[in-house]
>>> print(open('structure16.cif').read())   # mmCIF, C-alpha atoms
data_work
loop_
_atom_site.group_PDB
_atom_site.id
_atom_site.type_symbol
_atom_site.label_atom_id
_atom_site.label_comp_id
_atom_site.auth_asym_id
_atom_site.auth_seq_id
_atom_site.Cartn_x
_atom_site.Cartn_y
_atom_site.Cartn_z
ATOM 1 C CA MET Z 18 -52.599 -2.278 95.117
ATOM 2 C CA LEU Z 19 -50.616 -5.511 95.663
ATOM 3 C CA GLU Z 20 -53.567 -7.039 97.485
ATOM 4 C CA THR Z 21 -55.834 -6.208 94.531
ATOM 5 C CA ILE Z 22 -53.432 -7.933 92.133
ATOM 6 C CA THR Z 23 -53.096 -11.056 94.269
ATOM 7 C CA ASP Z 24 -56.889 -11.192 94.723
ATOM 8 C CA PHE Z 25 -57.317 -10.928 90.954
ATOM 9 C CA LEU Z 26 -54.752 -13.693 90.372
ATOM 10 C CA ALA Z 27 -56.429 -15.923 92.952
ATOM 11 C CA ASP Z 28 -59.890 -15.316 91.465
ATOM 12 C CA TRP Z 29 -58.675 -16.068 87.952
ATOM 13 C CA TYR Z 30 -56.400 -18.982 88.914
ATOM 14 C CA LEU Z 31 -58.221 -21.706 86.964
ATOM 15 C CA VAL Z 32 -58.524 -19.537 83.849
ATOM 16 C CA THR Z 33 -54.838 -18.600 84.051
ATOM 17 C CA LYS Z 34 -53.854 -22.231 84.568
ATOM 18 C CA SER Z 35 -55.972 -23.292 81.580
ATOM 19 C CA LEU Z 36 -54.454 -20.607 79.347
ATOM 20 C CA HIS Z 37 -50.985 -21.647 80.520
ATOM 21 C CA VAL Z 38 -51.649 -25.289 79.564
ATOM 22 C CA VAL Z 39 -53.031 -24.301 76.134
ATOM 23 C CA SER Z 40 -50.009 -22.048 75.541
ATOM 24 C CA VAL Z 41 -47.586 -24.805 76.536
ATOM 25 C CA ILE Z 42 -49.296 -27.291 74.221
ATOM 26 C CA SER Z 43 -49.039 -24.827 71.325
ATOM 27 C CA TRP Z 44 -45.396 -24.023 72.095
ATOM 28 C CA MET Z 45 -44.469 -27.688 72.379
ATOM 29 C CA ALA Z 46 -46.251 -28.600 69.137
ATOM 30 C CA GLY Z 47 -44.131 -26.063 67.293
ATOM 31 C CA MET Z 48 -40.970 -27.089 69.129
ATOM 32 C CA PHE Z 49 -41.544 -30.690 67.992
ATOM 33 C CA TYR Z 50 -42.396 -29.757 64.401
ATOM 34 C CA LEU Z 51 -39.757 -27.150 63.504
ATOM 35 C CA PRO Z 52 -36.723 -29.437 63.973
ATOM 36 C CA ARG Z 53 -38.530 -32.079 61.885
ATOM 37 C CA LEU Z 54 -38.951 -29.518 59.100
ATOM 38 C CA PHE Z 55 -35.219 -28.787 59.411
ATOM 39 C CA VAL Z 56 -34.457 -32.514 58.961
ATOM 40 C CA TYR Z 57 -36.234 -32.566 55.601
ATOM 41 C CA HIS Z 58 -34.922 -29.135 54.631
ATOM 42 C CA ALA Z 59 -31.328 -30.227 55.291
ATOM 43 C CA GLU Z 60 -31.633 -33.629 53.636
ATOM 44 C CA GLN Z 61 -33.971 -33.127 50.690
ATOM 45 C CA VAL Z 62 -33.785 -29.516 49.534
ATOM 46 C CA GLU Z 63 -31.350 -27.788 47.210
ATOM 47 C CA PRO Z 64 -30.429 -24.309 48.500
ATOM 48 C CA GLY Z 65 -31.909 -21.581 46.298
ATOM 49 C CA SER Z 66 -34.596 -23.836 44.817
ATOM 50 C CA LYS Z 67 -38.359 -23.252 44.862
ATOM 51 C CA THR Z 68 -38.643 -25.970 47.494
ATOM 52 C CA ASP Z 69 -36.044 -24.149 49.610
ATOM 53 C CA ALA Z 70 -38.171 -20.994 49.425
ATOM 54 C CA MET Z 71 -41.288 -22.976 50.352
ATOM 55 C CA PHE Z 72 -39.566 -24.533 53.392
ATOM 56 C CA GLN Z 73 -38.339 -21.108 54.473
ATOM 57 C CA VAL Z 74 -41.888 -19.748 54.353
ATOM 58 C CA MET Z 75 -43.237 -22.719 56.329
ATOM 59 C CA GLU Z 76 -40.472 -22.420 58.930
ATOM 60 C CA ARG Z 77 -40.875 -18.645 59.282
ATOM 61 C CA ARG Z 78 -44.652 -18.859 59.654
ATOM 62 C CA LEU Z 79 -44.394 -21.658 62.193
ATOM 63 C CA LEU Z 80 -41.825 -19.764 64.247
ATOM 64 C CA ARG Z 81 -43.355 -16.291 64.048
ATOM 65 C CA GLY Z 82 -47.021 -17.238 63.884
ATOM 66 C CA ILE Z 83 -47.195 -20.074 66.399
ATOM 67 C CA ILE Z 84 -44.027 -20.782 68.351
ATOM 68 C CA ASN Z 85 -43.065 -17.215 69.323
ATOM 69 C CA PRO Z 86 -46.571 -16.125 70.444
ATOM 70 C CA ALA Z 87 -47.088 -19.430 72.271
ATOM 71 C CA MET Z 88 -43.783 -19.033 74.120
ATOM 72 C CA ILE Z 89 -44.669 -15.485 75.150
ATOM 73 C CA ALA Z 90 -48.107 -16.609 76.351
ATOM 74 C CA THR Z 91 -46.525 -19.539 78.207
ATOM 75 C CA PHE Z 92 -44.208 -17.190 80.079
ATOM 76 C CA VAL Z 93 -46.930 -14.598 80.794
ATOM 77 C CA PHE Z 94 -49.425 -17.120 82.166
ATOM 78 C CA GLY Z 95 -46.680 -19.107 83.905
ATOM 79 C CA LEU Z 96 -45.438 -16.012 85.708
ATOM 80 C CA ALA Z 97 -49.019 -15.124 86.631
ATOM 81 C CA LEU Z 98 -49.277 -18.566 88.248
ATOM 82 C CA VAL Z 99 -45.977 -18.050 90.061
ATOM 83 C CA PHE Z 100 -47.339 -14.831 91.572
ATOM 84 C CA THR Z 101 -50.702 -16.366 92.469
ATOM 85 C CA PRO Z 102 -50.730 -16.851 96.250
ATOM 86 C CA GLY Z 103 -50.350 -20.460 97.375
ATOM 87 C CA VAL Z 104 -49.514 -21.955 93.967
ATOM 88 C CA VAL Z 105 -45.727 -22.272 94.210
ATOM 89 C CA ASP Z 106 -43.783 -23.220 97.314
ATOM 90 C CA TRP Z 107 -40.149 -22.400 96.544
ATOM 91 C CA SER Z 108 -38.937 -24.521 99.480
ATOM 92 C CA PHE Z 109 -39.521 -27.620 97.318
ATOM 93 C CA ALA Z 110 -37.267 -28.711 94.470
ATOM 94 C CA TRP Z 111 -39.952 -28.975 91.785
ATOM 95 C CA PRO Z 112 -40.380 -25.261 90.981
ATOM 96 C CA TRP Z 113 -36.610 -24.884 90.624
ATOM 97 C CA VAL Z 114 -36.382 -27.954 88.394
ATOM 98 C CA LYS Z 115 -39.281 -26.713 86.281
ATOM 99 C CA ALA Z 116 -37.828 -23.201 86.029
ATOM 100 C CA GLY Z 117 -34.465 -24.594 84.936
ATOM 101 C CA ALA Z 118 -36.072 -26.820 82.305
ATOM 102 C CA VAL Z 119 -38.186 -23.915 81.020
ATOM 103 C CA LEU Z 120 -35.053 -21.774 80.686
ATOM 104 C CA VAL Z 121 -33.369 -24.562 78.703
ATOM 105 C CA MET Z 122 -36.502 -24.755 76.541
ATOM 106 C CA GLY Z 123 -36.142 -21.026 75.957
ATOM 107 C CA TRP Z 124 -32.503 -21.568 74.926
ATOM 108 C CA PHE Z 125 -33.615 -24.318 72.527
ATOM 109 C CA HIS Z 126 -36.204 -21.961 71.068
ATOM 110 C CA GLY Z 127 -33.405 -19.462 70.409
ATOM 111 C CA TRP Z 128 -31.244 -22.202 68.902
ATOM 112 C CA LEU Z 129 -34.056 -23.107 66.490
ATOM 113 C CA SER Z 130 -34.464 -19.432 65.556
ATOM 114 C CA ALA Z 131 -30.755 -19.196 64.758
ATOM 115 C CA ARG Z 132 -30.898 -22.373 62.635
ATOM 116 C CA ARG Z 133 -33.808 -20.949 60.642
ATOM 117 C CA LYS Z 134 -31.662 -17.919 59.868
ATOM 118 C CA ASP Z 135 -28.903 -20.282 58.684
ATOM 119 C CA PHE Z 136 -31.312 -21.743 56.125
ATOM 120 C CA VAL Z 137 -32.392 -18.238 55.050
ATOM 121 C CA ARG Z 138 -28.748 -17.225 54.465
ATOM 122 C CA GLY Z 139 -27.975 -20.538 52.771
ATOM 123 C CA THR Z 140 -25.313 -21.267 55.406
ATOM 124 C CA ASN Z 141 -26.811 -24.299 57.140
ATOM 125 C CA THR Z 142 -23.991 -26.753 57.913
ATOM 126 C CA ARG Z 143 -25.915 -29.118 60.155
ATOM 127 C CA SER Z 144 -27.068 -32.495 58.945
ATOM 128 C CA GLY Z 145 -30.500 -34.026 59.141
ATOM 129 C CA ARG Z 146 -29.061 -36.349 61.802
ATOM 130 C CA THR Z 147 -28.175 -33.347 63.985
ATOM 131 C CA TYR Z 148 -31.720 -32.045 63.709
ATOM 132 C CA ARG Z 149 -33.106 -35.525 64.466
ATOM 133 C CA ILE Z 150 -31.040 -35.653 67.653
ATOM 134 C CA MET Z 151 -31.985 -32.104 68.635
ATOM 135 C CA ASN Z 152 -35.631 -32.985 68.023
ATOM 136 C CA GLU Z 153 -35.427 -35.065 71.231
ATOM 137 C CA VAL Z 154 -34.524 -32.034 73.398
ATOM 138 C CA PRO Z 155 -38.099 -30.744 73.815
ATOM 139 C CA THR Z 156 -39.311 -34.268 74.626
ATOM 140 C CA VAL Z 157 -36.798 -34.675 77.446
ATOM 141 C CA LEU Z 158 -37.547 -31.197 78.773
ATOM 142 C CA MET Z 159 -41.287 -31.823 78.589
ATOM 143 C CA LEU Z 160 -40.873 -34.990 80.667
ATOM 144 C CA VAL Z 161 -38.807 -33.161 83.272
ATOM 145 C CA ILE Z 162 -41.336 -30.316 83.474
ATOM 146 C CA VAL Z 163 -44.464 -32.477 83.617
ATOM 147 C CA PHE Z 164 -43.071 -34.928 86.168
ATOM 148 C CA SER Z 165 -41.739 -32.159 88.389
ATOM 149 C CA VAL Z 166 -45.090 -30.346 88.387
ATOM 150 C CA ILE Z 167 -47.238 -33.438 88.873
ATOM 151 C CA LEU Z 168 -45.047 -35.186 91.457
ATOM 152 C CA ARG Z 169 -44.082 -31.945 93.252
ATOM 153 C CA TYR Z 170 -41.048 -33.380 95.023
#
>>> encode(input="structure16.cif", output="structure tokens")
Amino acid sequence: MLETITDFLADWYLVTKSLHVVSVISWMAGMFYLPRLFVYHAEQVEPGSKTDAMFQVMERRLLRGIINPAMIATFVFGLALVFTPGVVDWSFAWPWVKAGAVLVMGWFHGWLSARRKDFVRGTNTRSGRTYRIMNEVPTVLMLVIVFSVILRY
């Protein structure tokens, strides 16, 4: 049974890798955009207004319709690559660095989800500046992930 699975993963390696890259791109696009929406929501919108409701819809749809499914797909295809024979050599530092950065990205995803709920409850206390700063987190993590995978040190 295990041999059948590893053969399947090896045969479908390029497809899995392609789907992983597409999933990551989709996840990252949302991770860049949602904090930017929060900047404008925090700075420009009166809680309880029609614009507040519109921002909440946009943020919910982005999170539930794009970011969440893309994250799940990223993890599924990423784990499939991890289990594909010969793809990851855990004796190097790069897979550990990448895994750590991906876990931090997952934490950031959760942080964004919690901030969306703050806006829904009308309890957001963070400034647009905070969201601008936090908007840099996925960029830094993306750089760490891409360089670790490409350089494979």
>>> closest_residue(input="structure16.cif", among="Z:Ser40, Z:Ser108, Z:Thr142, Z:Thr91", to="Ala59 in chain Z", atoms="all atoms listed in the file")
Z:Thr142
>>> atom_distance(input="structure16.cif", atom1="CA of Met151 in chain Z", atom2="CA of Phe125 in chain Z")
8.9 Å
>>> resolve_selection(input="structure16.cif", expression="the PyMOL selection byres ((chain Z and resi 112) around 12)", output="MDAnalysis selection string")
chainID Z and resid 95:96 98:99 104:111 113:119 161:170
>>> write_last_selection(input="structure16.cif", atoms="C-alpha atoms", output="PDB file, in the coordinates of the input")
ATOM      1  CA  GLY Z  95     -46.680 -19.107  83.905  1.00  0.00           C
ATOM      2  CA  LEU Z  96     -45.438 -16.012  85.708  1.00  0.00           C
ATOM      3  CA  LEU Z  98     -49.277 -18.566  88.248  1.00  0.00           C
ATOM      4  CA  VAL Z  99     -45.977 -18.050  90.061  1.00  0.00           C
ATOM      5  CA  VAL Z 104     -49.514 -21.955  93.967  1.00  0.00           C
ATOM      6  CA  VAL Z 105     -45.727 -22.272  94.210  1.00  0.00           C
ATOM      7  CA  ASP Z 106     -43.783 -23.220  97.314  1.00  0.00           C
ATOM      8  CA  TRP Z 107     -40.149 -22.400  96.544  1.00  0.00           C
ATOM      9  CA  SER Z 108     -38.937 -24.521  99.480  1.00  0.00           C
ATOM     10  CA  PHE Z 109     -39.521 -27.620  97.318  1.00  0.00           C
ATOM     11  CA  ALA Z 110     -37.267 -28.711  94.470  1.00  0.00           C
ATOM     12  CA  TRP Z 111     -39.952 -28.975  91.785  1.00  0.00           C
ATOM     13  CA  TRP Z 113     -36.610 -24.884  90.624  1.00  0.00           C
ATOM     14  CA  VAL Z 114     -36.382 -27.954  88.394  1.00  0.00           C
ATOM     15  CA  LYS Z 115     -39.281 -26.713  86.281  1.00  0.00           C
ATOM     16  CA  ALA Z 116     -37.828 -23.201  86.029  1.00  0.00           C
ATOM     17  CA  GLY Z 117     -34.465 -24.594  84.936  1.00  0.00           C
ATOM     18  CA  ALA Z 118     -36.072 -26.820  82.305  1.00  0.00           C
ATOM     19  CA  VAL Z 119     -38.186 -23.915  81.020  1.00  0.00           C
ATOM     20  CA  VAL Z 161     -38.807 -33.161  83.272  1.00  0.00           C
ATOM     21  CA  ILE Z 162     -41.336 -30.316  83.474  1.00  0.00           C
ATOM     22  CA  VAL Z 163     -44.464 -32.477  83.617  1.00  0.00           C
ATOM     23  CA  PHE Z 164     -43.071 -34.928  86.168  1.00  0.00           C
ATOM     24  CA  SER Z 165     -41.739 -32.159  88.389  1.00  0.00           C
ATOM     25  CA  VAL Z 166     -45.090 -30.346  88.387  1.00  0.00           C
ATOM     26  CA  ILE Z 167     -47.238 -33.438  88.873  1.00  0.00           C
ATOM     27  CA  LEU Z 168     -45.047 -35.186  91.457  1.00  0.00           C
ATOM     28  CA  ARG Z 169     -44.082 -31.945  93.252  1.00  0.00           C
ATOM     29  CA  TYR Z 170     -41.048 -33.380  95.023  1.00  0.00           C
TER      30      TYR Z 170
END
>>> atom_distance(input="structure16.cif", atom1="CA of Gly123 in chain Z", atom2="CA of Met88 in chain Z")
8.1 Å
>>> closest_residue(input="structure16.cif", among="Z:Leu158, Z:Arg138, Z:Leu31, Z:Arg77", to="Trp124 in chain Z", atoms="all atoms listed in the file")
Z:Leu158
>>> residues_near_point(input="structure16.cif", point="(-49.6, -15.7, 80.2)", cutoff="12 Å", atoms="all atoms listed in the file", output="list in words")
Leu26, Trp29, Tyr30, Val32, Thr33, Lys34, Ser35, Leu36, His37, Val38, Val39, Ser40, Val41, Pro86, Ala87, Met88, Ile89, Ala90, Thr91, Phe92, Val93, Phe94, Gly95, Leu96, Ala97, Leu98, Val99 and Phe100 of chain Z
>>> closest_residue(input="structure16.cif", among="Z:Leu129, Z:Ile22, Z:Leu80, Z:Met159", to="Arg143 in chain Z", atoms="only C-alpha atoms")
Z:Leu129
>>> residues_near_point(input="structure16.cif", point="(-29.6, -17.4, 48.3)", cutoff="7 Å", atoms="all atoms listed in the file", output="mmCIF file with C-alpha atoms, in the coordinates of the input")
data_model
loop_
_atom_site.group_PDB
_atom_site.id
_atom_site.type_symbol
_atom_site.label_atom_id
_atom_site.label_comp_id
_atom_site.auth_asym_id
_atom_site.auth_seq_id
_atom_site.Cartn_x
_atom_site.Cartn_y
_atom_site.Cartn_z
ATOM 1 C CA PRO Z 64 -30.429 -24.309 48.500
ATOM 2 C CA GLY Z 65 -31.909 -21.581 46.298
ATOM 3 C CA ARG Z 138 -28.748 -17.225 54.465
ATOM 4 C CA GLY Z 139 -27.975 -20.538 52.771
#
>>> decode(input="structure16.cif", residues="range 21-159 of chain Z", atoms="C-alpha atoms", output="short mmCIF file (atom, residue, chain, number, x, y, z; two decimals), in the first residue's frame")
data_model
loop_
_atom_site.label_atom_id
_atom_site.label_comp_id
_atom_site.auth_asym_id
_atom_site.auth_seq_id
_atom_site.Cartn_x
_atom_site.Cartn_y
_atom_site.Cartn_z
CA THR Z 21 1.50 2.42 -4.26
CA ILE Z 22 1.13 5.81 -2.57
CA THR Z 23 4.77 6.77 -3.07
CA ASP Z 24 4.60 5.64 -6.71
CA PHE Z 25 1.49 7.77 -7.20
CA LEU Z 26 3.18 10.78 -5.58
CA ALA Z 27 6.28 10.32 -7.72
CA ASP Z 28 4.22 9.98 -10.92
CA TRP Z 29 2.20 13.08 -10.12
CA TYR Z 30 5.12 15.14 -8.75
CA LEU Z 31 5.05 17.91 -11.37
CA VAL Z 32 1.26 18.27 -11.15
CA THR Z 33 1.41 18.38 -7.35
CA LYS Z 34 4.23 20.92 -7.44
CA SER Z 35 2.28 23.09 -9.90
CA LEU Z 36 -0.87 22.96 -7.76
CA HIS Z 37 1.23 23.82 -4.70
CA VAL Z 38 2.67 26.90 -6.43
CA VAL Z 39 -0.79 28.05 -7.61
CA SER Z 40 -2.17 27.56 -4.09
CA VAL Z 41 0.70 29.51 -2.54
CA ILE Z 42 0.21 32.38 -4.99
CA SER Z 43 -3.50 32.52 -4.15
CA TRP Z 44 -2.84 32.35 -0.40
CA MET Z 45 -0.19 35.05 -0.57
CA ALA Z 46 -2.37 37.35 -2.67
CA GLY Z 47 -5.03 37.23 0.02
CA MET Z 48 -2.49 37.58 2.82
CA PHE Z 49 -1.20 40.77 1.17
CA TYR Z 50 -4.66 42.20 0.48
CA LEU Z 51 -6.56 41.54 3.73
CA PRO Z 52 -4.29 43.65 5.98
CA ARG Z 53 -4.52 46.46 3.40
CA LEU Z 54 -8.31 46.29 3.63
CA PHE Z 55 -7.94 46.49 7.42
CA VAL Z 56 -5.84 49.67 7.04
CA TYR Z 57 -8.65 51.43 5.19
CA HIS Z 58 -11.33 49.90 7.40
CA ALA Z 59 -9.58 51.15 10.55
CA GLU Z 60 -8.76 54.60 9.20
CA GLN Z 61 -11.69 55.56 6.99
CA VAL Z 62 -14.81 53.74 8.17
CA GLU Z 63 -17.28 54.59 10.90
CA PRO Z 64 -18.33 51.47 12.85
CA GLY Z 65 -21.95 50.54 12.14
CA SER Z 66 -22.09 52.46 8.85
CA LYS Z 67 -23.02 51.08 5.43
CA THR Z 68 -19.35 51.28 4.47
CA ASP Z 69 -18.46 49.24 7.57
CA ALA Z 70 -20.92 46.55 6.45
CA MET Z 71 -19.46 46.62 2.94
CA PHE Z 72 -15.89 46.21 4.25
CA GLN Z 73 -17.01 43.34 6.47
CA VAL Z 74 -18.52 41.55 3.47
CA MET Z 75 -15.36 42.10 1.39
CA GLU Z 76 -13.12 40.89 4.23
CA ARG Z 77 -15.28 37.83 4.96
CA ARG Z 78 -15.46 36.81 1.30
CA LEU Z 79 -11.73 37.26 0.84
CA LEU Z 80 -10.94 35.21 3.93
CA ARG Z 81 -13.51 32.44 3.47
CA GLY Z 82 -13.62 32.33 -0.31
CA ILE Z 83 -9.95 32.71 -1.20
CA ILE Z 84 -7.51 32.76 1.70
CA ASN Z 85 -8.85 29.79 3.70
CA PRO Z 86 -9.23 27.41 0.71
CA ALA Z 87 -5.85 28.49 -0.67
CA MET Z 88 -4.16 27.83 2.68
CA ILE Z 89 -5.74 24.38 2.91
CA ALA Z 90 -4.66 23.57 -0.65
CA THR Z 91 -1.16 24.89 0.08
CA PHE Z 92 -0.83 22.56 3.06
CA VAL Z 93 -2.34 19.55 1.24
CA PHE Z 94 -0.10 19.87 -1.82
CA GLY Z 95 2.90 20.87 0.29
CA LEU Z 96 2.54 17.77 2.46
CA ALA Z 97 2.12 15.65 -0.67
CA LEU Z 98 5.47 17.03 -1.85
CA VAL Z 99 7.05 16.31 1.53
CA PHE Z 100 5.98 12.67 1.23
CA THR Z 101 7.09 12.37 -2.40
CA PRO Z 102 10.28 10.28 -2.41
CA GLY Z 103 13.46 12.26 -3.05
CA VAL Z 104 11.92 15.74 -2.83
CA VAL Z 105 12.90 16.76 0.71
CA ASP Z 106 16.17 15.93 2.42
CA TRP Z 107 15.65 16.73 6.10
CA SER Z 108 19.41 16.68 6.76
CA PHE Z 109 19.60 20.17 5.21
CA ALA Z 110 18.47 23.35 6.93
CA TRP Z 111 16.16 24.60 4.18
CA PRO Z 112 13.15 22.33 4.82
CA TRP Z 113 13.24 23.22 8.51
CA VAL Z 114 13.49 26.93 7.75
CA LYS Z 115 10.64 26.68 5.25
CA ALA Z 116 8.48 24.66 7.65
CA GLY Z 117 9.05 27.21 10.41
CA ALA Z 118 8.18 30.11 8.12
CA VAL Z 119 5.04 28.31 6.89
CA LEU Z 120 3.94 27.76 10.50
CA VAL Z 121 4.44 31.47 11.21
CA MET Z 122 2.41 32.22 8.07
CA GLY Z 123 -0.31 29.99 9.48
CA TRP Z 124 -0.18 31.95 12.76
CA PHE Z 125 -0.47 35.21 10.79
CA HIS Z 126 -3.47 33.80 8.95
CA GLY Z 127 -5.09 33.11 12.32
CA TRP Z 128 -4.19 36.60 13.53
CA LEU Z 129 -5.91 38.11 10.48
CA SER Z 130 -8.99 35.95 11.12
CA ALA Z 131 -9.16 37.22 14.70
CA ARG Z 132 -8.82 40.85 13.55
CA ARG Z 133 -11.69 40.38 11.10
CA LYS Z 134 -13.84 39.22 14.00
CA ASP Z 135 -12.83 42.37 15.90
CA PHE Z 136 -14.25 44.48 13.07
CA VAL Z 137 -17.43 42.37 13.01
CA ARG Z 138 -17.94 42.92 16.77
CA GLY Z 139 -17.04 46.60 16.47
CA THR Z 140 -14.15 46.09 18.91
CA ASN Z 141 -11.16 46.79 16.67
CA THR Z 142 -8.59 48.77 18.68
CA ARG Z 143 -5.70 48.56 16.25
CA SER Z 144 -4.70 51.50 14.11
CA GLY Z 145 -4.13 51.63 10.39
CA ARG Z 146 -0.42 51.95 11.20
CA THR Z 147 -0.49 48.59 13.01
CA TYR Z 148 -2.07 46.95 9.99
CA ARG Z 149 0.47 48.64 7.68
CA ILE Z 150 3.31 47.19 9.75
CA MET Z 151 1.69 43.75 9.93
CA ASN Z 152 1.20 43.88 6.16
CA GLU Z 153 4.98 43.37 5.88
CA VAL Z 154 4.88 40.01 7.72
CA PRO Z 155 3.83 37.92 4.69
CA THR Z 156 6.46 39.64 2.54
CA VAL Z 157 9.27 38.75 4.94
CA LEU Z 158 7.99 35.19 5.29
CA MET Z 159 7.65 34.83 1.53
#
